[in-house]
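Asks: One structure follows; several queries about it will come next.
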Amino acid sequence: MTDLLGRSVTVKVPATTANLGPGLDTLGLALALYDELEVRVRTQPGASVEVHGVGEATSSQPGVETDESNLVVRSIAHVFEAFNEPMPGLDLVAHNVIPHGRGLGSSGAAIVSGIMAAKGLLDGVVDIDSDALLRLATELEGHPDNVAPALFGGLTIAWTTPTGPRHKKLMVHRGVSPLVAVPEATMSTAHARSLQPESVPHEDAIFNVSRSALLIAALIQSPELLLAATEDRLHQNYRASAMVETDSLIRVLRAEGLAAVVSGAGPSVLVLASDPAERLHAAALVAATTATPWQALMPAVDFKGATVTVHPVEGLA
């Protein structure tokens, strides 16, 4: 048994937006909006979580779990179990910025935070490579489209094979300028998925294959093609009835020539502007064309993905 007492790590994980219109359960993009986590091994068994920011308990809402049932703690435990290492007692401090239940990958970020924390705590004990990180995260999330960009940054194409999930990271054209319009309302990913049919018409499948291929070209080489490349027939129309304000805002933005789509499972709206000036135009439209309050975020594309810093054990530095 390895003695991890006194080990501590700091983890930083970006928000993500998945699907990007036609790339359902396949394409994801990391955004420069970060949750940060501090983890320290303690003597007492179990775990305690101190939460600041999003998910912090208030007088009007309970907040996220602060014990072993917390998703970050469960993710750490998943890694330790996978490598047959005993789970130590842990103190965690979470500084959360990524909105919950808004289609910006908050659950994926929590899972990746735990996976990366475990990687750091086990540094020098177990070698966890990128394939293992993606596999472990996907086992918990259920699909790799959010956890891949959270782990690796940039634009990712994720797919599954009989031997596990895989990904390819691509660099995004420097002109691409994301905007995310975040509403007060939330949306359950499970509910959003339940609105999709089990099968779709053949022509709709072909439509999305063509647009997904075009979207890769638009994002890495030709941003002027983003409006056409973000058309979708597989999921957004089916989910529109559950996100009326989201659907309405997307229609307004697209009518103005802006590449607007549902961010992940929603209800946030992602605009993939082709340059910073176009993004400012989108922000003005968001502010002017809806009675529903939206928070317009303008993050850069994150190219690094999740990072973990391993701190020297006190007294041994």
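Going by the structure tokens order, chains are called A, B, ..., each with residues numbered from 1, while ligands are numbered from 1 in the order shown.
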Please identify all polymer residues within 10 Å of Leu253 (chain A), counting only C-alpha atoms, omitting same-chain residues fewer than 6 positions from it, and present them as a list in words.

Replies: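 Returned residues: Ala259, Ala260, Val261, Val269, Val271, His281, Ala282, Ala283, Leu285, Val286 and Thr289 of chain A.
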
Asks: Any chance you could export the current selection's C-alpha atoms as a CSV table (one decimal), in the first residue's frame?

Replies:
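Output file result_30.csv is given in full below:
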```csv
chain,number,residue,atom,x,y,z
A,259,ALA,CA,-24.2,30.1,-36.8
A,260,ALA,CA,-26.3,29.6,-33.7
A,261,VAL,CA,-27.1,26.1,-32.3
A,269,VAL,CA,-27.3,28.8,-27.2
A,271,VAL,CA,-22.9,31.0,-31.6
A,281,HIS,CA,-23.2,41.6,-33.3
A,282,ALA,CA,-24.5,38.4,-31.9
A,283,ALA,CA,-24.2,39.7,-28.3
A,285,LEU,CA,-28.9,40.6,-30.8
A,286,VAL,CA,-29.1,38.4,-27.7
A,289,THR,CA,-34.4,40.4,-29.2
```

Asks: With the cut-off set at 10 Å and counting only C-alpha atoms, tabulate each residue of region 52-75 of chain A with an atom at most that distance from an atom of region 17-39 of chain A, showing the nearest atom pair and its distance in Å to one decimal, ordered by chain and increasing number, as JSON lines.

Replies:
```
{"residue": "A:His52", "atom": "CA", "partner": "A:Glu36", "partner_atom": "CA", "distance": 9.9}
{"residue": "A:Gly53", "atom": "CA", "partner": "A:Asp35", "partner_atom": "CA", "distance": 9.5}
{"residue": "A:Val54", "atom": "CA", "partner": "A:Asp35", "partner_atom": "CA", "distance": 9.3}
{"residue": "A:Val72", "atom": "CA", "partner": "A:Leu37", "partner_atom": "CA", "distance": 9.3}
{"residue": "A:Val73", "atom": "CA", "partner": "A:Val39", "partner_atom": "CA", "distance": 9.8}
```

Asks: I need the residue nearest Leu297 (chain A) from this list: A:Ala150, A:Leu280, A:Val64, A:Leu179. Use only C-alpha atoms for the distance.

Replies: A:Leu179

Asks: If you count only C-alpha atoms, which residues fall within 8 Å of His311 (chain A), apart from same-chain ones fewer than 5 positions away, as a PyMOL selection string?

Replies: chain A and resi 7-10

Asks: For the residues in that selection, give me N, CA, C and O atoms as a JSON list (two decimals), in the first residue's frame.

Replies:
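Saved as again_5.json:
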```json
[["chain", "number", "residue", "atom", "x", "y", "z"],
["A", 7, "ARG", "N", -0.13, 14.32, 0.25],
["A", 7, "ARG", "CA", -0.11, 14.69, -1.16],
["A", 7, "ARG", "C", -1.28, 15.63, -1.47],
["A", 7, "ARG", "O", -2.38, 15.50, -0.93],
["A", 8, "SER", "N", -1.03, 16.57, -2.38],
["A", 8, "SER", "CA", -2.08, 17.48, -2.79],
["A", 8, "SER", "C", -1.90, 17.86, -4.24],
["A", 8, "SER", "O", -0.78, 17.86, -4.77],
["A", 9, "VAL", "N", -3.01, 18.17, -4.89],
["A", 9, "VAL", "CA", -3.00, 18.54, -6.31],
["A", 9, "VAL", "C", -3.98, 19.68, -6.54],
["A", 9, "VAL", "O", -4.93, 19.87, -5.77],
["A", 10, "THR", "N", -3.75, 20.42, -7.61],
["A", 10, "THR", "CA", -4.68, 21.44, -8.08],
["A", 10, "THR", "C", -5.03, 21.11, -9.53],
["A", 10, "THR", "O", -4.13, 20.84, -10.34]]
```

Asks: Could you pull the residues within 8 Å of Ser268 (chain A), counting only C-alpha atoms, minus those fewer than 6 positions along the same chain, as number ranges by chain?

Replies: A: 102-104, 180-183, 246, 262

Asks: Need to verify the contact set: region 215-227 of chain A, 6 Å, only C-alpha atoms, exclusion of same-chain residues closer than 6 positions in sequence. Can you return it as a PyMOL selection string?

Replies: chain A and resi 172-173+259+274
